[in-house]
>>> print(open('coords_37.pdb').read())   # PDB, C-alpha atoms and all ligand atoms
ATOM      1  CA  PRO Z   1      -9.779  27.609 -20.709  1.00  0.00           C
ATOM      2  CA  PRO Z   2      -8.153  24.354 -19.646  1.00  0.00           C
ATOM      3  CA  SER Z   3      -6.151  25.355 -16.654  1.00  0.00           C
ATOM      4  CA  ALA Z   4      -2.484  25.756 -17.384  1.00  0.00           C
ATOM      5  CA  ASP Z   5      -1.886  25.340 -13.689  1.00  0.00           C
ATOM      6  CA  ALA Z   6      -3.398  21.916 -13.253  1.00  0.00           C
ATOM      7  CA  ASP Z   7      -0.101  20.872 -11.768  1.00  0.00           C
ATOM      8  CA  ALA Z   8       0.197  23.857  -9.466  1.00  0.00           C
ATOM      9  CA  PRO Z   9       0.685  22.680  -5.918  1.00  0.00           C
ATOM     10  CA  VAL Z  10      -2.123  22.671  -3.421  1.00  0.00           C
ATOM     11  CA  HIS Z  11      -1.154  24.444  -0.236  1.00  0.00           C
ATOM     12  CA  LYS Z  12      -2.549  22.909   2.884  1.00  0.00           C
ATOM     13  CA  THR Z  13      -3.650  25.752   5.107  1.00  0.00           C
ATOM     14  CA  ILE Z  14      -5.045  25.160   8.582  1.00  0.00           C
ATOM     15  CA  LEU Z  15      -7.139  27.371  10.821  1.00  0.00           C
ATOM     16  CA  LEU Z  16      -6.130  26.978  14.461  1.00  0.00           C
ATOM     17  CA  GLY Z  17      -7.095  28.543  17.748  1.00  0.00           C
ATOM     18  CA  ASP Z  18      -9.401  28.001  20.674  1.00  0.00           C
ATOM     19  CA  SER Z  19     -12.989  27.013  20.209  1.00  0.00           C
ATOM     20  CA  GLY Z  20     -15.223  30.046  19.641  1.00  0.00           C
ATOM     21  CA  VAL Z  21     -12.606  32.438  18.263  1.00  0.00           C
ATOM     22  CA  GLY Z  22     -14.284  32.458  14.846  1.00  0.00           C
ATOM     23  CA  LYS Z  23     -12.362  29.961  12.709  1.00  0.00           C
ATOM     24  CA  THR Z  24     -15.420  28.600  10.948  1.00  0.00           C
ATOM     25  CA  SER Z  25     -16.914  32.077  10.593  1.00  0.00           C
ATOM     26  CA  LEU Z  26     -13.688  33.393   9.068  1.00  0.00           C
ATOM     27  CA  LEU Z  27     -13.610  30.597   6.518  1.00  0.00           C
ATOM     28  CA  VAL Z  28     -17.295  31.068   5.682  1.00  0.00           C
ATOM     29  CA  GLN Z  29     -16.714  34.812   5.261  1.00  0.00           C
ATOM     30  CA  PHE Z  30     -13.730  34.214   2.986  1.00  0.00           C
ATOM     31  CA  ASP Z  31     -15.533  31.547   0.993  1.00  0.00           C
ATOM     32  CA  THR Z  32     -18.954  33.161   0.629  1.00  0.00           C
ATOM     33  CA  GLY Z  33     -18.563  36.801   1.698  1.00  0.00           C
ATOM     34  CA  ARG Z  34     -21.193  36.255   4.344  1.00  0.00           C
ATOM     35  CA  PHE Z  35     -21.362  36.164   8.104  1.00  0.00           C
ATOM     36  CA  GLN Z  36     -23.574  33.593   9.629  1.00  0.00           C
ATOM     37  CA  SER Z  37     -24.171  34.274  13.289  1.00  0.00           C
ATOM     38  CA  GLY Z  38     -24.610  31.575  15.884  1.00  0.00           C
ATOM     39  CA  ASN Z  39     -22.191  28.892  16.891  1.00  0.00           C
ATOM     40  CA  PHE Z  40     -21.264  26.365  14.316  1.00  0.00           C
ATOM     41  CA  SER Z  41     -21.070  22.861  15.578  1.00  0.00           C
ATOM     42  CA  ALA Z  42     -17.699  22.172  17.113  1.00  0.00           C
ATOM     43  CA  THR Z  43     -18.232  18.488  16.518  1.00  0.00           C
ATOM     44  CA  VAL Z  44     -18.539  18.770  12.771  1.00  0.00           C
ATOM     45  CA  GLY Z  45     -15.001  17.454  12.647  1.00  0.00           C
ATOM     46  CA  ILE Z  46     -12.267  18.221  10.223  1.00  0.00           C
ATOM     47  CA  GLY Z  47     -13.218  19.376   6.774  1.00  0.00           C
ATOM     48  CA  PHE Z  48     -11.636  21.558   4.150  1.00  0.00           C
ATOM     49  CA  THR Z  49     -12.568  24.123   1.540  1.00  0.00           C
ATOM     50  CA  ASN Z  50     -10.639  24.568  -1.684  1.00  0.00           C
ATOM     51  CA  LYS Z  51     -10.020  28.114  -2.835  1.00  0.00           C
ATOM     52  CA  VAL Z  52      -7.950  29.336  -5.742  1.00  0.00           C
ATOM     53  CA  VAL Z  53      -6.717  32.903  -5.477  1.00  0.00           C
ATOM     54  CA  SER Z  54      -4.798  34.982  -7.929  1.00  0.00           C
ATOM     55  CA  VAL Z  55      -1.526  36.556  -6.870  1.00  0.00           C
ATOM     56  CA  ASP Z  56       0.212  38.652  -9.540  1.00  0.00           C
ATOM     57  CA  ASN Z  57      -1.470  36.592 -12.260  1.00  0.00           C
ATOM     58  CA  THR Z  58      -0.409  33.320 -10.701  1.00  0.00           C
ATOM     59  CA  ARG Z  59      -3.097  31.044  -9.387  1.00  0.00           C
ATOM     60  CA  VAL Z  60      -2.426  29.848  -5.875  1.00  0.00           C
ATOM     61  CA  LYS Z  61      -4.420  26.874  -4.668  1.00  0.00           C
ATOM     62  CA  LEU Z  62      -5.365  26.803  -1.032  1.00  0.00           C
ATOM     63  CA  GLN Z  63      -6.868  23.814   0.687  1.00  0.00           C
ATOM     64  CA  ILE Z  64      -8.158  25.379   3.881  1.00  0.00           C
ATOM     65  CA  TRP Z  65      -8.821  23.096   6.797  1.00  0.00           C
ATOM     66  CA  ASP Z  66     -11.140  24.118   9.583  1.00  0.00           C
ATOM     67  CA  THR Z  67     -10.756  22.474  12.956  1.00  0.00           C
ATOM     68  CA  ALA Z  68     -12.608  22.403  16.212  1.00  0.00           C
ATOM     69  CA  GLY Z  69     -10.508  23.643  19.146  1.00  0.00           C
ATOM     70  CA  GLN Z  70     -10.758  20.436  21.093  1.00  0.00           C
ATOM     71  CA  GLU Z  71      -8.911  18.578  18.408  1.00  0.00           C
ATOM     72  CA  ARG Z  72      -5.598  19.848  19.623  1.00  0.00           C
ATOM     73  CA  PHE Z  73      -5.813  17.379  22.466  1.00  0.00           C
ATOM     74  CA  ARG Z  74      -5.915  14.501  20.044  1.00  0.00           C
ATOM     75  CA  SER Z  75      -2.830  13.008  18.545  1.00  0.00           C
ATOM     76  CA  VAL Z  76      -4.330  13.242  15.060  1.00  0.00           C
ATOM     77  CA  THR Z  77      -3.700  16.965  15.128  1.00  0.00           C
ATOM     78  CA  HIS Z  78       0.031  16.573  15.322  1.00  0.00           C
ATOM     79  CA  ALA Z  79       0.191  14.456  12.194  1.00  0.00           C
ATOM     80  CA  TYR Z  80      -2.114  16.951  10.623  1.00  0.00           C
ATOM     81  CA  TYR Z  81       0.243  19.885  11.327  1.00  0.00           C
ATOM     82  CA  ARG Z  82       3.215  18.152   9.859  1.00  0.00           C
ATOM     83  CA  ASP Z  83       2.293  18.574   6.216  1.00  0.00           C
ATOM     84  CA  ALA Z  84       0.708  22.025   6.567  1.00  0.00           C
ATOM     85  CA  HIS Z  85       2.126  24.807   4.417  1.00  0.00           C
ATOM     86  CA  ALA Z  86       0.347  27.611   6.223  1.00  0.00           C
ATOM     87  CA  LEU Z  87      -1.312  28.116   9.580  1.00  0.00           C
ATOM     88  CA  LEU Z  88      -3.747  30.854  10.494  1.00  0.00           C
ATOM     89  CA  LEU Z  89      -3.801  31.084  14.270  1.00  0.00           C
ATOM     90  CA  LEU Z  90      -6.791  32.964  15.615  1.00  0.00           C
ATOM     91  CA  TYR Z  91      -7.658  34.459  18.946  1.00  0.00           C
ATOM     92  CA  ASP Z  92     -10.667  36.547  19.876  1.00  0.00           C
ATOM     93  CA  VAL Z  93      -9.952  40.174  20.856  1.00  0.00           C
ATOM     94  CA  THR Z  94     -12.917  40.000  23.261  1.00  0.00           C
ATOM     95  CA  ASN Z  95     -11.555  36.919  25.039  1.00  0.00           C
ATOM     96  CA  LYS Z  96      -8.308  37.263  26.984  1.00  0.00           C
ATOM     97  CA  LEU Z  97      -7.939  33.535  27.570  1.00  0.00           C
ATOM     98  CA  SER Z  98      -7.998  32.853  23.845  1.00  0.00           C
ATOM     99  CA  PHE Z  99      -5.152  35.351  23.467  1.00  0.00           C
ATOM    100  CA  ASP Z 100      -3.151  33.854  26.341  1.00  0.00           C
ATOM    101  CA  ASN Z 101      -3.606  30.416  24.810  1.00  0.00           C
ATOM    102  CA  THR Z 102      -1.963  31.483  21.556  1.00  0.00           C
ATOM    103  CA  ARG Z 103       1.396  30.922  23.262  1.00  0.00           C
ATOM    104  CA  ALA Z 104       0.507  27.283  23.799  1.00  0.00           C
ATOM    105  CA  TRP Z 105      -0.643  27.031  20.194  1.00  0.00           C
ATOM    106  CA  LEU Z 106       2.600  28.611  18.984  1.00  0.00           C
ATOM    107  CA  GLY Z 107       4.514  26.135  21.120  1.00  0.00           C
ATOM    108  CA  GLU Z 108       2.703  23.235  19.483  1.00  0.00           C
ATOM    109  CA  ILE Z 109       3.320  24.735  16.084  1.00  0.00           C
ATOM    110  CA  ARG Z 110       7.039  25.051  16.805  1.00  0.00           C
ATOM    111  CA  GLU Z 111       7.088  21.453  17.876  1.00  0.00           C
ATOM    112  CA  TYR Z 112       4.995  19.795  15.194  1.00  0.00           C
ATOM    113  CA  ALA Z 113       4.852  21.968  12.087  1.00  0.00           C
ATOM    114  CA  GLN Z 114       7.470  22.296   9.361  1.00  0.00           C
ATOM    115  CA  ASP Z 115      10.120  24.898  10.087  1.00  0.00           C
ATOM    116  CA  ASP Z 116       9.205  26.894   7.001  1.00  0.00           C
ATOM    117  CA  VAL Z 117       5.438  26.901   7.589  1.00  0.00           C
ATOM    118  CA  VAL Z 118       3.795  30.271   6.899  1.00  0.00           C
ATOM    119  CA  ILE Z 119       2.182  31.539  10.091  1.00  0.00           C
ATOM    120  CA  MET Z 120      -0.335  34.347  10.396  1.00  0.00           C
ATOM    121  CA  LEU Z 121      -1.622  35.409  13.801  1.00  0.00           C
ATOM    122  CA  LEU Z 122      -5.116  36.894  13.634  1.00  0.00           C
ATOM    123  CA  GLY Z 123      -6.932  38.882  16.300  1.00  0.00           C
ATOM    124  CA  ASN Z 124     -10.511  38.180  15.243  1.00  0.00           C
ATOM    125  CA  LYS Z 125     -13.795  39.877  16.241  1.00  0.00           C
ATOM    126  CA  ALA Z 126     -12.193  43.301  15.775  1.00  0.00           C
ATOM    127  CA  ASP Z 127     -15.628  44.851  15.329  1.00  0.00           C
ATOM    128  CA  CYS Z 128     -18.182  46.294  17.692  1.00  0.00           C
ATOM    129  CA  GLY Z 129     -19.779  42.948  18.457  1.00  0.00           C
ATOM    130  CA  GLY Z 130     -18.324  42.677  21.959  1.00  0.00           C
ATOM    131  CA  GLU Z 131     -16.062  44.425  24.419  1.00  0.00           C
ATOM    132  CA  ARG Z 132     -12.447  44.359  23.358  1.00  0.00           C
ATOM    133  CA  VAL Z 133     -10.057  43.124  26.049  1.00  0.00           C
ATOM    134  CA  VAL Z 134      -6.960  42.512  23.928  1.00  0.00           C
ATOM    135  CA  ARG Z 135      -5.322  45.598  22.462  1.00  0.00           C
ATOM    136  CA  LYS Z 136      -4.001  45.575  18.943  1.00  0.00           C
ATOM    137  CA  GLU Z 137      -0.533  46.409  20.345  1.00  0.00           C
ATOM    138  CA  ASP Z 138      -0.620  43.223  22.417  1.00  0.00           C
ATOM    139  CA  GLY Z 139      -1.215  41.167  19.295  1.00  0.00           C
ATOM    140  CA  GLU Z 140       1.523  43.027  17.455  1.00  0.00           C
ATOM    141  CA  ARG Z 141       3.967  42.460  20.286  1.00  0.00           C
ATOM    142  CA  LEU Z 142       3.261  38.739  20.458  1.00  0.00           C
ATOM    143  CA  ALA Z 143       3.623  38.442  16.692  1.00  0.00           C
ATOM    144  CA  ARG Z 144       6.977  40.219  16.844  1.00  0.00           C
ATOM    145  CA  GLU Z 145       8.129  37.975  19.653  1.00  0.00           C
ATOM    146  CA  TYR Z 146       7.381  34.864  17.604  1.00  0.00           C
ATOM    147  CA  ASN Z 147       8.354  36.449  14.310  1.00  0.00           C
ATOM    148  CA  VAL Z 148       5.006  35.820  12.629  1.00  0.00           C
ATOM    149  CA  ALA Z 149       2.723  38.041  10.576  1.00  0.00           C
ATOM    150  CA  PHE Z 150      -0.246  39.650  12.289  1.00  0.00           C
ATOM    151  CA  MET Z 151      -3.558  41.261  11.448  1.00  0.00           C
ATOM    152  CA  GLU Z 152      -6.803  42.023  13.180  1.00  0.00           C
ATOM    153  CA  THR Z 153      -9.852  40.649  11.405  1.00  0.00           C
ATOM    154  CA  SER Z 154     -13.599  40.488  11.677  1.00  0.00           C
ATOM    155  CA  ALA Z 155     -15.448  37.543  10.220  1.00  0.00           C
ATOM    156  CA  LYS Z 156     -18.571  39.596  10.921  1.00  0.00           C
ATOM    157  CA  THR Z 157     -17.761  42.736   8.926  1.00  0.00           C
ATOM    158  CA  GLY Z 158     -15.216  41.108   6.635  1.00  0.00           C
ATOM    159  CA  LEU Z 159     -12.425  43.382   7.900  1.00  0.00           C
ATOM    160  CA  ASN Z 160      -9.076  42.117   6.566  1.00  0.00           C
ATOM    161  CA  VAL Z 161     -10.446  38.637   5.869  1.00  0.00           C
ATOM    162  CA  GLU Z 162      -9.561  38.642   2.184  1.00  0.00           C
ATOM    163  CA  LEU Z 163      -6.337  40.463   2.990  1.00  0.00           C
ATOM    164  CA  ALA Z 164      -5.243  37.841   5.515  1.00  0.00           C
ATOM    165  CA  PHE Z 165      -5.738  34.929   3.127  1.00  0.00           C
ATOM    166  CA  MET Z 166      -4.157  36.887   0.282  1.00  0.00           C
ATOM    167  CA  ALA Z 167      -1.099  37.646   2.394  1.00  0.00           C
ATOM    168  CA  VAL Z 168      -0.739  33.944   3.125  1.00  0.00           C
ATOM    169  CA  ALA Z 169      -1.231  33.074  -0.550  1.00  0.00           C
ATOM    170  CA  ARG Z 170       1.381  35.654  -1.555  1.00  0.00           C
ATOM    171  CA  GLU Z 171       3.883  34.108   0.817  1.00  0.00           C
ATOM    172  CA  LEU Z 172       3.077  30.595  -0.420  1.00  0.00           C
ATOM    173  CA  LYS Z 173       3.403  31.679  -4.032  1.00  0.00           C
ATOM    174  CA  CYS Z 174       7.051  32.567  -3.445  1.00  0.00           C
ATOM    175  CA  ARG Z 175       7.617  28.926  -2.554  1.00  0.00           C
ATOM    176  CA  GLN Z 176       5.793  27.175  -5.386  1.00  0.00           C
TER     177      GLN Z 176
HETATM  178  P1  LIG Z 201     -14.863  28.543  15.982  1.00  0.00           P
HETATM  179  O1  LIG Z 201     -15.229  27.660  17.127  1.00  0.00           O
HETATM  180  O2  LIG Z 201     -13.474  29.088  16.144  1.00  0.00           O
HETATM  181  O3  LIG Z 201     -15.069  27.927  14.641  1.00  0.00           O
HETATM  182  O4  LIG Z 201     -15.831  29.830  16.065  1.00  0.00           O
HETATM  183  P2  LIG Z 201     -17.193  30.117  15.280  1.00  0.00           P
HETATM  184  O5  LIG Z 201     -16.906  30.511  13.869  1.00  0.00           O
HETATM  185  O6  LIG Z 201     -18.142  29.004  15.504  1.00  0.00           O
HETATM  186  O7  LIG Z 201     -17.689  31.439  16.027  1.00  0.00           O
HETATM  187  C1  LIG Z 201     -18.011  31.430  17.407  1.00  0.00           C
HETATM  188  C2  LIG Z 201     -18.976  32.550  17.697  1.00  0.00           C
HETATM  189  O8  LIG Z 201     -18.358  33.828  17.477  1.00  0.00           O
HETATM  190  C3  LIG Z 201     -20.230  32.550  16.817  1.00  0.00           C
HETATM  191  O9  LIG Z 201     -21.329  32.957  17.600  1.00  0.00           O
HETATM  192  C4  LIG Z 201     -19.905  33.568  15.741  1.00  0.00           C
HETATM  193  O10 LIG Z 201     -21.084  34.145  15.213  1.00  0.00           O
HETATM  194  C5  LIG Z 201     -19.088  34.586  16.517  1.00  0.00           C
HETATM  195  N1  LIG Z 201     -18.099  35.280  15.672  1.00  0.00           N
HETATM  196  C6  LIG Z 201     -17.190  34.702  14.863  1.00  0.00           C
HETATM  197  N2  LIG Z 201     -16.431  35.621  14.273  1.00  0.00           N
HETATM  198  C7  LIG Z 201     -16.867  36.822  14.711  1.00  0.00           C
HETATM  199  C8  LIG Z 201     -16.470  38.175  14.463  1.00  0.00           C
HETATM  200  O11 LIG Z 201     -15.537  38.477  13.707  1.00  0.00           O
HETATM  201  N3  LIG Z 201     -17.158  39.154  15.140  1.00  0.00           N
HETATM  202  C9  LIG Z 201     -18.166  38.875  15.994  1.00  0.00           C
HETATM  203  N4  LIG Z 201     -18.759  39.907  16.588  1.00  0.00           N
HETATM  204  N5  LIG Z 201     -18.578  37.611  16.239  1.00  0.00           N
HETATM  205  C10 LIG Z 201     -17.935  36.608  15.620  1.00  0.00           C
HETATM  206 MG    MG Z 202     -15.608  25.985  14.167  1.00  0.00          MG
END
>>> encode(input="coords_37.pdb", output="structure tokens")
Amino acid sequence: PPSADADAPVHKTILLGDSGVGKTSLLVQFDTGRFQSGNFSATVGIGFTNKVVSVDNTRVKLQIWDTAGQERFRSVTHAYYRDAHALLLLYDVTNKLSFDNTRAWLGEIREYAQDDVVIMLLGNKADCGGERVVRKEDGERLAREYNVAFMETSAKTGLNVELAFMAVARELKCRQ
């Protein structure tokens, strides 16, 4: 049927986090239900995927932007944060540095994003693909400290991938 929600707002949602944490893989898993192993090109640049999800019979439109980690050093990123409605900040549970760097990412977010931006911290690669070095409790503690939502995910197995995006969509729905 002709969509009754043609005027429904599009929520700009950005995937952030160090290079290699699984941003592209997470988006591919959410979009296609598949895991494609091997590194995706970090130089592909900034692109987005449109997804419409249903939350309590309301359609919520997400425009999900994937970034390469290096882009945070460019000024373009700051302008790009400013109109974001939601941010999914990933680290890799098998990479301590990526976890430690989330503080810097959260600092940038505080500085450049809207005050009411929806933030979800995700500990990705929570599967048996590598040796875990970041405990779930550490992620939970950091999330509490910054007052953001938290989940562990696996772009490989699909663990919590749908759930993470749905939680963000649910939060955004309350604001549309
Ligand atoms: P990005 O740089 O953040 O976009 O990370 P990529 O999506 O390119 O993933 C980097 C590497 O980690 C690739 O080799 C992926 O196959 C792998 N990877 C991504 N997500 C997962 C995951 O959830 N589990 C495991 N075991 N590997 C993953
Ligand atoms: Mg990528």
>>> resolve_selection(input="coords_37.pdb", expression="the PyMOL selection byres (((not hetatm)) within 8 of (chain Z and resi 201))", output="ChimeraX atom specification")
/Z:16-26,35-42,66-69,90,124-130,153-158
>>> write_last_selection(input="coords_37.pdb", atoms="C-alpha atoms", output="tab-separated table (two decimals), in the frame of the given file")
chain	number	residue	atom	x	y	z
Z	16	LEU	CA	-6.13	26.98	14.46
Z	17	GLY	CA	-7.10	28.54	17.75
Z	18	ASP	CA	-9.40	28.00	20.67
Z	19	SER	CA	-12.99	27.01	20.21
Z	20	GLY	CA	-15.22	30.05	19.64
Z	21	VAL	CA	-12.61	32.44	18.26
Z	22	GLY	CA	-14.28	32.46	14.85
Z	23	LYS	CA	-12.36	29.96	12.71
Z	24	THR	CA	-15.42	28.60	10.95
Z	25	SER	CA	-16.91	32.08	10.59
Z	26	LEU	CA	-13.69	33.39	9.07
Z	35	PHE	CA	-21.36	36.16	8.10
Z	36	GLN	CA	-23.57	33.59	9.63
Z	37	SER	CA	-24.17	34.27	13.29
Z	38	GLY	CA	-24.61	31.58	15.88
Z	39	ASN	CA	-22.19	28.89	16.89
Z	40	PHE	CA	-21.26	26.36	14.32
Z	41	SER	CA	-21.07	22.86	15.58
Z	42	ALA	CA	-17.70	22.17	17.11
Z	66	ASP	CA	-11.14	24.12	9.58
Z	67	THR	CA	-10.76	22.47	12.96
Z	68	ALA	CA	-12.61	22.40	16.21
Z	69	GLY	CA	-10.51	23.64	19.15
Z	90	LEU	CA	-6.79	32.96	15.62
Z	124	ASN	CA	-10.51	38.18	15.24
Z	125	LYS	CA	-13.80	39.88	16.24
Z	126	ALA	CA	-12.19	43.30	15.78
Z	127	ASP	CA	-15.63	44.85	15.33
Z	128	CYS	CA	-18.18	46.29	17.69
Z	129	GLY	CA	-19.78	42.95	18.46
Z	130	GLY	CA	-18.32	42.68	21.96
Z	153	THR	CA	-9.85	40.65	11.40
Z	154	SER	CA	-13.60	40.49	11.68
Z	155	ALA	CA	-15.45	37.54	10.22
Z	156	LYS	CA	-18.57	39.60	10.92
Z	157	THR	CA	-17.76	42.74	8.93
Z	158	GLY	CA	-15.22	41.11	6.64
>>> atom_distance(input="coords_37.pdb", atom1="CA of Leu106 in chain Z", atom2="CA of Ile119 in chain Z")
9.4 Å
>>> resolve_selection(input="coords_37.pdb", expression="the PyMOL selection byres (((chain Z and resi 93) around 8) and not hetatm)", output="short mmCIF file (atom, residue, chain, number, x, y, z; two decimals) with C-alpha atoms, in the frame of the given file")
data_model
loop_
_atom_site.label_atom_id
_atom_site.label_comp_id
_atom_site.auth_asym_id
_atom_site.auth_seq_id
_atom_site.Cartn_x
_atom_site.Cartn_y
_atom_site.Cartn_z
CA TYR Z 91 -7.66 34.46 18.95
CA ASP Z 92 -10.67 36.55 19.88
CA THR Z 94 -12.92 40.00 23.26
CA ASN Z 95 -11.56 36.92 25.04
CA LYS Z 96 -8.31 37.26 26.98
CA PHE Z 99 -5.15 35.35 23.47
CA GLY Z 123 -6.93 38.88 16.30
CA ASN Z 124 -10.51 38.18 15.24
CA LYS Z 125 -13.80 39.88 16.24
CA ALA Z 126 -12.19 43.30 15.78
CA ARG Z 132 -12.45 44.36 23.36
CA VAL Z 133 -10.06 43.12 26.05
CA VAL Z 134 -6.96 42.51 23.93
CA ARG Z 135 -5.32 45.60 22.46
#
>>> closest_residue(input="coords_37.pdb", among="Z:Lys51, Z:His11, Z:Arg103, Z:Arg82", to="Glu171 in chain Z", atoms="all atoms listed in the file")
Z:His11
>>> atom_distance(input="coords_37.pdb", atom1="CA of Asp83 in chain Z", atom2="atom MG of ligand MG 202 (chain Z)")
20.9 Å
>>> closest_residue(input="coords_37.pdb", among="Z:Leu121, Z:Leu27, Z:Ala8, Z:Ala143", to="ligand MG 202 (chain Z)", atoms="only C-alpha atoms and all ligand atoms")
Z:Leu27
>>> atom_distance(input="coords_37.pdb", atom1="CA of Leu142 in chain Z", atom2="CA of Asn101 in chain Z")
11.6 Å
>>> resolve_selection(input="coords_37.pdb", expression="the PyMOL selection byres (((chain Z and resi 58) around 12) and not hetatm)", output="mmCIF file with C-alpha atoms, in the frame of the given file")
data_model
loop_
_atom_site.group_PDB
_atom_site.id
_atom_site.type_symbol
_atom_site.label_atom_id
_atom_site.label_comp_id
_atom_site.auth_asym_id
_atom_site.auth_seq_id
_atom_site.Cartn_x
_atom_site.Cartn_y
_atom_site.Cartn_z
ATOM 1 C CA SER Z 3 -6.151 25.355 -16.654
ATOM 2 C CA ALA Z 4 -2.484 25.756 -17.384
ATOM 3 C CA ASP Z 5 -1.886 25.340 -13.689
ATOM 4 C CA ALA Z 8 0.197 23.857 -9.466
ATOM 5 C CA PRO Z 9 0.685 22.680 -5.918
ATOM 6 C CA VAL Z 52 -7.950 29.336 -5.742
ATOM 7 C CA VAL Z 53 -6.717 32.903 -5.477
ATOM 8 C CA SER Z 54 -4.798 34.982 -7.929
ATOM 9 C CA VAL Z 55 -1.526 36.556 -6.870
ATOM 10 C CA ASP Z 56 0.212 38.652 -9.540
ATOM 11 C CA ASN Z 57 -1.470 36.592 -12.260
ATOM 12 C CA ARG Z 59 -3.097 31.044 -9.387
ATOM 13 C CA VAL Z 60 -2.426 29.848 -5.875
ATOM 14 C CA LYS Z 61 -4.420 26.874 -4.668
ATOM 15 C CA ALA Z 169 -1.231 33.074 -0.550
ATOM 16 C CA ARG Z 170 1.381 35.654 -1.555
ATOM 17 C CA LEU Z 172 3.077 30.595 -0.420
ATOM 18 C CA LYS Z 173 3.403 31.679 -4.032
ATOM 19 C CA CYS Z 174 7.051 32.567 -3.445
ATOM 20 C CA GLN Z 176 5.793 27.175 -5.386
#
>>> residues_around(input="coords_37.pdb", residues="Met120 in chain Z", least_positions_apart="6", cutoff="9 Å", atoms="only C-alpha atoms", output="ChimeraX atom specification")
/Z:86-90,143,148-151,164,167-168
>>> closest_residue(input="coords_37.pdb", among="Z:Leu122, Z:Val28, Z:Ala79, Z:Val10", to="ligand MG 202 (chain Z)", atoms="all atoms listed in the file")
Z:Val28
>>> residues_near_point(input="coords_37.pdb", point="(2.4, 25.5, 4.4)", cutoff="6 Å", atoms="all atoms listed in the file", output="ChimeraX atom specification")
/Z:11-12,84-86,117-118
>>> residues_around(input="coords_37.pdb", residues="Thr49 in chain Z", least_positions_apart="6", cutoff="9 Å", atoms="all atoms listed in the file", output="list in words")
Leu27, Asp31, Leu62, Gln63, Ile64, Trp65 and Asp66 of chain Z
>>> closest_residue(input="coords_37.pdb", among="Z:Gly33, Z:Leu159, Z:His78, Z:Ile14", to="ligand MG 202 (chain Z)", atoms="only C-alpha atoms and all ligand atoms")
Z:Ile14
>>> build_atoms(input="coords_37.pdb", residues="range 163-167 of chain Z", atoms="all heavy atoms", output="CSV table (one decimal), in the frame of the given file")
chain,number,residue,atom,x,y,z
Z,163,LEU,N,-7.7,40.0,2.9
Z,163,LEU,CA,-6.3,40.5,3.0
Z,163,LEU,C,-5.5,39.4,3.7
Z,163,LEU,O,-4.3,39.1,3.3
Z,163,LEU,CB,-6.3,41.8,3.8
Z,163,LEU,CG,-5.2,42.7,3.5
Z,163,LEU,CD1,-5.2,43.2,2.0
Z,163,LEU,CD2,-5.3,43.9,4.4
Z,164,ALA,N,-6.0,38.8,4.7
Z,164,ALA,CA,-5.2,37.8,5.5
Z,164,ALA,C,-4.9,36.6,4.7
Z,164,ALA,O,-3.8,36.1,4.6
Z,164,ALA,CB,-6.0,37.4,6.8
Z,165,PHE,N,-6.0,36.1,4.0
Z,165,PHE,CA,-5.7,34.9,3.1
Z,165,PHE,C,-4.8,35.3,1.9
Z,165,PHE,O,-4.0,34.4,1.5
Z,165,PHE,CB,-7.1,34.3,2.7
Z,165,PHE,CG,-7.8,33.5,3.7
Z,165,PHE,CD1,-8.8,34.1,4.5
Z,165,PHE,CD2,-7.4,32.2,4.0
Z,165,PHE,CE1,-9.5,33.4,5.5
Z,165,PHE,CE2,-8.1,31.5,4.9
Z,165,PHE,CZ,-9.1,32.0,5.7
Z,166,MET,N,-5.0,36.5,1.4
Z,166,MET,CA,-4.2,36.9,0.3
Z,166,MET,C,-2.7,37.0,0.7
Z,166,MET,O,-1.8,36.7,-0.1
Z,166,MET,CB,-4.7,38.2,-0.3
Z,166,MET,CG,-6.0,38.1,-1.1
Z,166,MET,SD,-6.0,36.8,-2.4
Z,166,MET,CE,-4.8,37.5,-3.5
Z,167,ALA,N,-2.5,37.5,1.9
Z,167,ALA,CA,-1.1,37.6,2.4
Z,167,ALA,C,-0.5,36.3,2.5
Z,167,ALA,O,0.7,36.1,2.2
Z,167,ALA,CB,-1.1,38.4,3.7
